[in-house]
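Trainee: Before I ask anything, let me first share the structure, which is written out below as structure tokens.
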Amino acid sequence: MVEIAPPELEKYLTRDEIIEQEFKLGNCKVWATNKRLFIKMGKRIQDVDYNHISSVGFEQKRYYNLIGVGVVLFIIAWIFGNLKAPGESIAILCLVGIICIILGIFLKKEWLEIVVLGFSTPIKFEGSRSDLDHLLKIIREKRF
């Protein structure tokens with residue numbers, strides 16, 4: 001629970017509203033109260049009633065195309081080897097291929113996406129997995 005309300009939120013809080021959690025997620029700040037979410041992006045603050053959230057989901061993007069590039073580079077290196085190309089060029093192709101494959105395996109982008117009634121586009125939150133999981137849990141517990 002946040003003991004002291006940030007000055008930027010004080011004028012928006014109702015009499016019995018308590019800030020339960022504060023999150024710094026990507027390019028925004030989010031405060032979860034016992035009644036709603038406050039989302040600050042730049043100088044703009046939006047509030048979203050939990051009951052107006054129609055869906056919430058955790059999304060992630062993997063970079064499988066990097067693995068494909070790495071495999072293609074290995075194939076090209078194998079072809080160059082059969083054509084008796086210089087060993088340095090083959091080694092460079094293999095090294096870059098390995099780097100691409102490793103990056104493709106380990107890189108991922110994760111975000112929490114909420115769909116709010118009356119909003120034309122979903123709201124996306126990027127941040128650490130633990131913060132996103134915690135915010136997701138709060139939203140699910142408070143809805144309806």
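Each chain in the structure tokens gets a letter, A, B, ..., in the order shown, and its residues are numbered from 1; ligands are numbered from 1 in order too.
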So that I can check the secondary structure, give me every residue of chain A assigned strand (DSSP E) by backbone DSSP, as a PyMOL selection string.
Mentor: chain A and resi 19-25+28-33+36-41+44-49+53-62+108-116+123-126
Trainee: Compile the contact shell of Gln46 in chain A as a list in words: residues with an atom at most 10 Å away, counting only C-alpha atoms, same-chain residues fewer than 5 positions apart removed.
Mentor: Val30, Leu37, Phe38, Ile39, Lys40 and Met41 of chain A
Trainee: Can you tell me which residues surround range 18-24 of chain A at a distance of at most 6 Å, considering only C-alpha atoms, apart from same-chain residues fewer than 3 positions away, and format the answer as an MDAnalysis selection string?
Mentor: chainID A and resid 1:2 29:34
Trainee: Restrict the selected residues to N, CA, C and O atoms and save them as a PDB file, in the first residue's frame.
Mentor:
ATOM      1  N   MET A   1       0.841  -1.171   0.000  1.00  0.00           N
ATOM      2  CA  MET A   1       0.000   0.000   0.000  1.00  0.00           C
ATOM      3  C   MET A   1       0.892   1.242   0.000  1.00  0.00           C
ATOM      4  O   MET A   1       1.883   1.300   0.714  1.00  0.00           O
ATOM      5  N   VAL A   2       0.513   2.240  -0.781  1.00  0.00           N
ATOM      6  CA  VAL A   2       1.248   3.497  -0.862  1.00  0.00           C
ATOM      7  C   VAL A   2       0.732   4.397   0.258  1.00  0.00           C
ATOM      8  O   VAL A   2      -0.461   4.704   0.326  1.00  0.00           O
ATOM      9  N   LYS A  29       3.325   5.436 -15.812  1.00  0.00           N
ATOM     10  CA  LYS A  29       3.188   5.093 -14.404  1.00  0.00           C
ATOM     11  C   LYS A  29       1.758   4.645 -14.182  1.00  0.00           C
ATOM     12  O   LYS A  29       0.829   5.212 -14.760  1.00  0.00           O
ATOM     13  N   VAL A  30       1.583   3.630 -13.365  1.00  0.00           N
ATOM     14  CA  VAL A  30       0.248   3.103 -13.087  1.00  0.00           C
ATOM     15  C   VAL A  30       0.073   3.007 -11.582  1.00  0.00           C
ATOM     16  O   VAL A  30       0.951   2.511 -10.879  1.00  0.00           O
ATOM     17  N   TRP A  31      -1.068   3.512 -11.125  1.00  0.00           N
ATOM     18  CA  TRP A  31      -1.438   3.363  -9.727  1.00  0.00           C
ATOM     19  C   TRP A  31      -2.703   2.539  -9.667  1.00  0.00           C
ATOM     20  O   TRP A  31      -3.693   2.840 -10.352  1.00  0.00           O
ATOM     21  N   ALA A  32      -2.685   1.499  -8.857  1.00  0.00           N
ATOM     22  CA  ALA A  32      -3.859   0.657  -8.653  1.00  0.00           C
ATOM     23  C   ALA A  32      -4.468   1.030  -7.312  1.00  0.00           C
ATOM     24  O   ALA A  32      -3.798   0.950  -6.283  1.00  0.00           O
ATOM     25  N   THR A  33      -5.717   1.480  -7.348  1.00  0.00           N
ATOM     26  CA  THR A  33      -6.412   1.793  -6.107  1.00  0.00           C
ATOM     27  C   THR A  33      -7.415   0.688  -5.823  1.00  0.00           C
ATOM     28  O   THR A  33      -7.544  -0.263  -6.595  1.00  0.00           O
ATOM     29  N   ASN A  34      -8.139   0.841  -4.736  1.00  0.00           N
ATOM     30  CA  ASN A  34      -9.153  -0.149  -4.418  1.00  0.00           C
ATOM     31  C   ASN A  34     -10.379  -0.016  -5.321  1.00  0.00           C
ATOM     32  O   ASN A  34     -11.240  -0.881  -5.330  1.00  0.00           O
TER      33      ASN A  34
END
Trainee: Out of A:Ala85, A:Leu93, A:Val56, A:Pro7, which residue has the shortest atom-to-atom distance to Leu135 in chain A when counting only C-alpha atoms?
Mentor: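 Looking at the shortest contact to Leu135 in chain A, the residue is A:Val56.
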Trainee: Need to verify the contact set: Trp111 in chain A, 12 Å, only C-alpha atoms, exclusion of same-chain residues closer than 5 positions in sequence. Can you return it as an mmCIF file with N, CA and C atoms, in the first residue's frame?
Mentor:
data_model
loop_
_atom_site.group_PDB
_atom_site.id
_atom_site.type_symbol
_atom_site.label_atom_id
_atom_site.label_comp_id
_atom_site.auth_asym_id
_atom_site.auth_seq_id
_atom_site.Cartn_x
_atom_site.Cartn_y
_atom_site.Cartn_z
ATOM 1 N N LEU A 25 5.975 1.277 -15.524
ATOM 2 C CA LEU A 25 5.921 0.311 -16.618
ATOM 3 C C LEU A 25 6.247 1.003 -17.927
ATOM 4 N N GLY A 26 7.408 0.750 -18.473
ATOM 5 C CA GLY A 26 7.789 1.328 -19.755
ATOM 6 C C GLY A 26 7.732 2.838 -19.707
ATOM 7 N N VAL A 56 -8.339 -8.747 -20.375
ATOM 8 C CA VAL A 56 -6.953 -8.495 -20.007
ATOM 9 C C VAL A 56 -6.147 -9.711 -20.435
ATOM 10 N N GLY A 57 -4.970 -9.476 -21.000
ATOM 11 C CA GLY A 57 -4.167 -10.602 -21.463
ATOM 12 C C GLY A 57 -2.688 -10.297 -21.437
ATOM 13 N N PHE A 58 -1.933 -11.331 -21.296
ATOM 14 C CA PHE A 58 -0.485 -11.227 -21.311
ATOM 15 C C PHE A 58 -0.008 -11.666 -22.678
ATOM 16 N N GLU A 59 0.743 -10.828 -23.347
ATOM 17 C CA GLU A 59 1.207 -11.117 -24.699
ATOM 18 C C GLU A 59 2.733 -11.136 -24.727
ATOM 19 N N GLN A 60 3.289 -11.864 -25.692
ATOM 20 C CA GLN A 60 4.731 -11.825 -25.897
ATOM 21 C C GLN A 60 5.064 -12.057 -27.365
ATOM 22 N N LYS A 61 6.155 -11.467 -27.750
ATOM 23 C CA LYS A 61 6.629 -11.616 -29.123
ATOM 24 C C LYS A 61 7.999 -12.274 -29.068
ATOM 25 N N PRO A 122 -6.625 -0.985 -27.378
ATOM 26 C CA PRO A 122 -6.201 -1.549 -26.093
ATOM 27 C C PRO A 122 -5.057 -0.734 -25.491
ATOM 28 N N ILE A 123 -4.936 -0.808 -24.185
ATOM 29 C CA ILE A 123 -3.832 -0.159 -23.480
ATOM 30 C C ILE A 123 -2.772 -1.220 -23.245
ATOM 31 N N LYS A 124 -1.534 -0.897 -23.643
ATOM 32 C CA LYS A 124 -0.430 -1.848 -23.489
ATOM 33 C C LYS A 124 0.539 -1.337 -22.433
ATOM 34 N N PHE A 125 0.938 -2.254 -21.550
ATOM 35 C CA PHE A 125 1.919 -1.946 -20.521
ATOM 36 C C PHE A 125 3.133 -2.843 -20.723
ATOM 37 N N GLU A 126 4.292 -2.245 -20.844
ATOM 38 C CA GLU A 126 5.534 -3.009 -20.926
ATOM 39 C C GLU A 126 6.290 -2.817 -19.623
ATOM 40 N N GLY A 127 6.967 -3.862 -19.192
ATOM 41 C CA GLY A 127 7.734 -3.779 -17.952
ATOM 42 C C GLY A 127 8.292 -5.131 -17.584
ATOM 43 N N SER A 128 8.742 -5.214 -16.354
ATOM 44 C CA SER A 128 9.300 -6.487 -15.894
ATOM 45 C C SER A 128 8.173 -7.510 -15.751
ATOM 46 N N ARG A 129 8.524 -8.745 -15.911
ATOM 47 C CA ARG A 129 7.527 -9.827 -15.844
ATOM 48 C C ARG A 129 6.832 -9.838 -14.484
ATOM 49 N N SER A 130 7.583 -9.601 -13.415
ATOM 50 C CA SER A 130 6.974 -9.641 -12.079
ATOM 51 C C SER A 130 5.980 -8.495 -11.892
ATOM 52 N N ASP A 131 6.304 -7.285 -12.375
ATOM 53 C CA ASP A 131 5.375 -6.165 -12.266
ATOM 54 C C ASP A 131 4.124 -6.411 -13.096
ATOM 55 N N LEU A 132 4.320 -6.924 -14.315
ATOM 56 C CA LEU A 132 3.163 -7.212 -15.177
ATOM 57 C C LEU A 132 2.269 -8.276 -14.560
ATOM 58 N N ASP A 133 2.876 -9.312 -14.004
ATOM 59 C CA ASP A 133 2.095 -10.373 -13.355
ATOM 60 C C ASP A 133 1.315 -9.828 -12.156
ATOM 61 N N LEU A 135 0.330 -6.654 -11.650
ATOM 62 C CA LEU A 135 -0.755 -5.805 -12.124
ATOM 63 C C LEU A 135 -1.899 -6.656 -12.681
ATOM 64 N N LEU A 136 -1.572 -7.702 -13.419
ATOM 65 C CA LEU A 136 -2.588 -8.609 -13.954
ATOM 66 C C LEU A 136 -3.410 -9.227 -12.829
#
Trainee: I need the alpha helix (DSSP H) residues of range 20-104 of chain A per DSSP on the backbone, written as JSON, numbers by chain.
Mentor: {"A": [64, 65, 66, 67, 68, 69, 70, 71, 72, 73, 74, 75, 76, 77, 78, 79, 80, 81, 82, 87, 88, 89, 90, 91, 92, 93, 94, 95, 96, 97, 98, 99, 100, 101, 102, 103, 104]}
Trainee: If you measure from CA of Asn82 in chain A to CA of Ile101 in chain A, what distance in Å do you get, rounded to one decimal?
Mentor: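 Answer for the CA of Asn82 in chain A to CA of Ile101 in chain A separation: 22.7 Å.
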Trainee: Nearest to Phe106 in chain A among A:Arg62, A:Arg44, A:Lys84, A:Lys137, with distances taken over only C-alpha atoms: which residue is it?
Mentor: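 With only C-alpha atoms as the atom set, the closest residue is A:Arg62.
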Trainee: By how many Å are CA of Ser54 in chain A and CA of Ile138 in chain A apart?
Mentor: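 CA of Ile138 in chain A lies at a distance of 14.6 Å from CA of Ser54 in chain A.
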Trainee: Which residues are near Arg36 in chain A? Cut-off 8 Å, only C-alpha atoms, ignore same chain within fewer than 4 positions. Put them as a list in words.
Mentor: Ala32, Asp47, Val48, Asp49 and Tyr50 of chain A
Trainee: Write the residues of the selection above to a file with C-alpha atoms, as a compact mmCIF listing (two decimals), in the first residue's frame.
Mentor:
# COMPACT_ATOMS: atom_id res chain seq x y z
CA ALA A 32 -3.86 0.66 -8.65
CA ASP A 47 -8.51 6.59 -14.87
CA VAL A 48 -10.05 3.24 -15.67
CA ASP A 49 -12.71 1.65 -13.53
CA TYR A 50 -11.99 -2.05 -13.04
